[in-house]
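Notes follow the structure.
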Amino acid sequence: MKEVILTREGYEKLKREIEYLSTEKRREVADRIRIAREFGDIAENAEYDDAKNEQAMLEHRIAQLEERLLAARVIEKHEIKKDVVSVGSHVKIRDVDAKKTFEYRIVGSAEANPDENKLSNESPVGKAIMGHKKGETVEVAAPRGALKFKILEIKAA
């Protein structure tokens with residue numbers, strides 16, 4: 001089983017999602033199945049089939065999340081380095097050619113979310129900047145050619 005690297009925040013969020021799916025969502029789906037059964041013959045009951053499919057997908061999702069939780073290694077604040085980019089770091093980088101600045105929090109792949117500026121340590125940019133220091137410039141292979149990023153700032157989360 002592959003180790004899943006999570007920040008403390010990501011670990012707690014995962015636990016909350018499992019709790020929600022295992023309690024409230026399971027009850028909702030069970031109610032849908034119960035109501036659909038009341039419609040009569042389940043052999044030709046689209047509502048029943050739909051509810052059972054939702055139940056199967058829900059149970060699969062819960063199992064996936066529980067497996068991820070078992071394989072989790074939580075990165076604690078004291079483990080986050082302040083002088084080099086690591087999981088848990090907040091980094092500010094500048095695209096040298098486009099002259100654009102970006103801020104990211106480096107997280108494990110299970111927590112990555114571009115909308116929240118959470119960049120995976122396994123993504124091309126994340127992988128390229130891992131272990132580098134403030135002031136260093138790294139190159140990232142991209143479909144349109146190599147991109148250069150300068151690390152402007154590193155902070156512990």
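Residue numbering restarts at 1 in every chain; chains get A, B, ... in the order shown in the structure tokens, and ligands count up from 1 in that same order.
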For this session: Name all residues at most 12 Å from stretch 90-96 of chain A (count only C-alpha atoms; drop same-chain ones fewer than 6 positions away) and give them as a VMD selection string.
Result: chain A and resid 77 80 to 84 102 to 107 117 to 119 125 to 126 128 to 140 146 to 157
For this session: Would you mind listing what lies within 8 Å of stretch 57-68 of chain A as an MDAnalysis selection string, with only C-alpha atoms counted and same-chain residues fewer than 5 positions away left out?
Result: chainID A and resid 4 14 18 21:22 26
Those residues with N, CA, C and O atoms, as a PDB file, in the first residue's frame please?
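The result, written out as out.pdb:
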ATOM      1  N   VAL A   4       0.405   7.603   2.006  1.00  0.00           N
ATOM      2  CA  VAL A   4      -0.327   8.816   1.657  1.00  0.00           C
ATOM      3  C   VAL A   4       0.151   9.916   2.591  1.00  0.00           C
ATOM      4  O   VAL A   4      -0.036   9.830   3.802  1.00  0.00           O
ATOM      5  N   LEU A  14     -10.149  14.523   6.006  1.00  0.00           N
ATOM      6  CA  LEU A  14     -10.429  13.157   5.564  1.00  0.00           C
ATOM      7  C   LEU A  14     -11.276  12.417   6.595  1.00  0.00           C
ATOM      8  O   LEU A  14     -12.259  11.753   6.251  1.00  0.00           O
ATOM      9  N   ILE A  18     -15.149  10.933   6.025  1.00  0.00           N
ATOM     10  CA  ILE A  18     -15.524   9.539   6.304  1.00  0.00           C
ATOM     11  C   ILE A  18     -16.690   9.511   7.292  1.00  0.00           C
ATOM     12  O   ILE A  18     -17.647   8.757   7.108  1.00  0.00           O
ATOM     13  N   LEU A  21     -19.926  10.607   5.447  1.00  0.00           N
ATOM     14  CA  LEU A  21     -20.408   9.579   4.509  1.00  0.00           C
ATOM     15  C   LEU A  21     -20.928   8.350   5.244  1.00  0.00           C
ATOM     16  O   LEU A  21     -21.912   7.745   4.826  1.00  0.00           O
ATOM     17  N   SER A  22     -20.271   7.991   6.338  1.00  0.00           N
ATOM     18  CA  SER A  22     -20.636   6.787   7.089  1.00  0.00           C
ATOM     19  C   SER A  22     -21.911   6.951   7.912  1.00  0.00           C
ATOM     20  O   SER A  22     -22.527   5.964   8.288  1.00  0.00           O
ATOM     21  N   ARG A  26     -25.079   7.718   4.474  1.00  0.00           N
ATOM     22  CA  ARG A  26     -25.594   6.344   4.484  1.00  0.00           C
ATOM     23  C   ARG A  26     -27.080   6.328   4.832  1.00  0.00           C
ATOM     24  O   ARG A  26     -27.849   5.585   4.240  1.00  0.00           O
TER      25      ARG A  26
END
Problem set entry | Members of stretch 10-105 of chain A assigned helix (DSSP H, G or I) by DSSP, as a VMD selection string | chain A and resid 10 to 37 42 to 44 46 to 70 77 to 79
For this session: Write down as a ChimeraX atom specification the residues of stretch 117-157 of chain A whose backbone DSSP state falls under strand (DSSP E or B).
Result: /A:118-120,133,137-140,147-156
Restricted to all heavy atoms, what would the selected residues look like written as a short mmCIF file (atom, residue, chain, number, x, y, z; two decimals), in the first residue's frame?
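Result file again-v6.cif:
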data_model
loop_
_atom_site.label_atom_id
_atom_site.label_comp_id
_atom_site.auth_asym_id
_atom_site.auth_seq_id
_atom_site.Cartn_x
_atom_site.Cartn_y
_atom_site.Cartn_z
N LYS A 118 -3.28 24.48 -3.46
CA LYS A 118 -2.57 23.36 -2.84
C LYS A 118 -1.96 22.53 -3.96
O LYS A 118 -2.67 21.92 -4.75
CB LYS A 118 -3.53 22.51 -2.00
CG LYS A 118 -4.02 23.24 -0.76
CD LYS A 118 -4.92 22.37 0.07
CE LYS A 118 -5.35 23.08 1.33
NZ LYS A 118 -6.25 22.25 2.14
N LEU A 119 -0.65 22.55 -4.02
CA LEU A 119 0.10 21.93 -5.09
C LEU A 119 0.72 20.62 -4.61
O LEU A 119 1.37 20.59 -3.57
CB LEU A 119 1.20 22.90 -5.56
CG LEU A 119 2.05 22.52 -6.74
CD1 LEU A 119 1.20 22.50 -8.01
CD2 LEU A 119 3.19 23.51 -6.91
N SER A 120 0.51 19.56 -5.37
CA SER A 120 1.04 18.24 -5.01
C SER A 120 2.56 18.21 -5.11
O SER A 120 3.14 18.76 -6.05
CB SER A 120 0.45 17.18 -5.92
OG SER A 120 1.14 15.96 -5.78
N LYS A 133 16.04 25.75 -2.27
CA LYS A 133 16.06 26.85 -1.32
C LYS A 133 15.60 28.16 -1.96
O LYS A 133 15.55 28.28 -3.19
CB LYS A 133 17.48 27.06 -0.79
CG LYS A 133 18.00 25.89 0.00
CD LYS A 133 19.40 26.14 0.49
CE LYS A 133 19.86 24.94 1.31
NZ LYS A 133 21.14 25.16 1.94
N THR A 137 16.58 28.85 -8.84
CA THR A 137 15.71 28.77 -10.02
C THR A 137 15.70 27.32 -10.47
O THR A 137 16.75 26.68 -10.56
CB THR A 137 16.22 29.69 -11.15
OG1 THR A 137 16.24 31.04 -10.65
CG2 THR A 137 15.31 29.61 -12.36
N VAL A 138 14.50 26.80 -10.72
CA VAL A 138 14.35 25.41 -11.17
C VAL A 138 13.69 25.40 -12.53
O VAL A 138 12.97 26.33 -12.90
CB VAL A 138 13.53 24.57 -10.16
CG1 VAL A 138 14.23 24.48 -8.82
CG2 VAL A 138 12.14 25.11 -9.99
N GLU A 139 13.94 24.34 -13.24
CA GLU A 139 13.35 24.18 -14.57
C GLU A 139 12.36 23.03 -14.55
O GLU A 139 12.64 21.98 -13.97
CB GLU A 139 14.47 23.91 -15.58
CG GLU A 139 14.07 24.22 -17.01
CD GLU A 139 15.27 24.25 -17.94
OE1 GLU A 139 16.08 25.19 -17.85
OE2 GLU A 139 15.37 23.31 -18.76
N VAL A 140 11.22 23.24 -15.20
CA VAL A 140 10.16 22.23 -15.24
C VAL A 140 9.85 21.92 -16.69
O VAL A 140 9.56 22.83 -17.48
CB VAL A 140 8.87 22.75 -14.54
CG1 VAL A 140 7.78 21.70 -14.58
CG2 VAL A 140 9.17 23.16 -13.12
N LEU A 147 9.83 25.42 -18.45
CA LEU A 147 9.43 26.60 -17.69
C LEU A 147 10.45 26.79 -16.57
O LEU A 147 10.93 25.81 -16.00
CB LEU A 147 8.04 26.41 -17.07
CG LEU A 147 6.89 26.15 -18.03
CD1 LEU A 147 5.62 25.81 -17.24
CD2 LEU A 147 6.64 27.36 -18.91
N LYS A 148 10.76 28.03 -16.26
CA LYS A 148 11.71 28.32 -15.18
C LYS A 148 10.97 29.06 -14.08
O LYS A 148 10.25 30.03 -14.34
CB LYS A 148 12.86 29.18 -15.69
CG LYS A 148 13.79 28.43 -16.60
CD LYS A 148 14.94 29.31 -17.02
CE LYS A 148 15.81 28.53 -18.00
NZ LYS A 148 16.75 29.39 -18.70
N PHE A 149 11.16 28.56 -12.85
CA PHE A 149 10.55 29.18 -11.69
C PHE A 149 11.63 29.55 -10.69
O PHE A 149 12.51 28.72 -10.38
CB PHE A 149 9.56 28.23 -11.02
CG PHE A 149 8.32 27.97 -11.83
CD1 PHE A 149 8.24 26.83 -12.61
CD2 PHE A 149 7.28 28.87 -11.84
CE1 PHE A 149 7.10 26.57 -13.37
CE2 PHE A 149 6.13 28.63 -12.59
CZ PHE A 149 6.03 27.48 -13.36
N LYS A 150 11.56 30.76 -10.17
CA LYS A 150 12.47 31.19 -9.12
C LYS A 150 11.71 31.13 -7.80
O LYS A 150 10.58 31.61 -7.71
CB LYS A 150 12.97 32.61 -9.37
CG LYS A 150 13.96 33.07 -8.33
CD LYS A 150 14.62 34.38 -8.67
CE LYS A 150 15.65 34.69 -7.59
NZ LYS A 150 16.46 35.84 -7.98
N ILE A 151 12.33 30.54 -6.80
CA ILE A 151 11.72 30.43 -5.48
C ILE A 151 11.97 31.72 -4.73
O ILE A 151 13.12 32.06 -4.44
CB ILE A 151 12.25 29.20 -4.70
CG1 ILE A 151 11.99 27.93 -5.50
CG2 ILE A 151 11.65 29.13 -3.30
CD1 ILE A 151 12.69 26.69 -4.99
N LEU A 152 10.90 32.46 -4.45
CA LEU A 152 11.02 33.77 -3.81
C LEU A 152 10.92 33.70 -2.29
O LEU A 152 11.54 34.50 -1.59
CB LEU A 152 9.93 34.72 -4.34
CG LEU A 152 9.89 34.94 -5.85
CD1 LEU A 152 8.71 35.82 -6.20
CD2 LEU A 152 11.18 35.56 -6.33
N GLU A 153 10.11 32.75 -1.79
CA GLU A 153 9.86 32.72 -0.36
C GLU A 153 9.44 31.31 0.05
O GLU A 153 8.73 30.63 -0.69
CB GLU A 153 8.73 33.71 -0.05
CG GLU A 153 8.47 33.98 1.40
CD GLU A 153 7.37 35.03 1.56
OE1 GLU A 153 7.44 36.10 0.91
OE2 GLU A 153 6.44 34.76 2.34
N ILE A 154 9.88 30.89 1.23
CA ILE A 154 9.49 29.60 1.81
C ILE A 154 9.10 29.86 3.25
O ILE A 154 9.87 30.46 4.01
CB ILE A 154 10.64 28.57 1.78
CG1 ILE A 154 11.15 28.36 0.36
CG2 ILE A 154 10.19 27.24 2.40
CD1 ILE A 154 12.45 27.58 0.29
N LYS A 155 7.90 29.42 3.62
CA LYS A 155 7.44 29.53 5.02
C LYS A 155 6.88 28.19 5.45
O LYS A 155 6.28 27.47 4.64
CB LYS A 155 6.34 30.59 5.15
CG LYS A 155 6.79 32.00 4.91
CD LYS A 155 5.70 33.00 5.24
CE LYS A 155 4.68 33.06 4.13
NZ LYS A 155 3.70 34.11 4.25
N ALA A 156 7.03 27.87 6.71
CA ALA A 156 6.39 26.66 7.25
C ALA A 156 4.90 26.97 7.38
O ALA A 156 4.51 28.10 7.63
CB ALA A 156 6.99 26.32 8.61
#
Seminar exercise, completed: The distance between atom CA of A:Leu69 and atom CA of A:Arg27 is 22.4 Å
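Atom CA of A:Asn113 lies 22.7 Å from atom CA of A:Ala98.
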Problem set entry | Atomic distance atom CA of A:Lys2 - atom CA of A:Glu116, expressed in Å with one decimal | 24.5 Å
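Distances from A:Ala56, A:Val29, A:Ile42, A:Leu6 to A:Glu111 were compared using only C-alpha atoms, and the smallest one belongs to A:Leu6.
Here the question is which of A:Glu3, A:Asp49, A:Glu12, A:Glu54 gets nearest to A:Glu28 using only C-alpha atoms, and that residue is A:Glu54.
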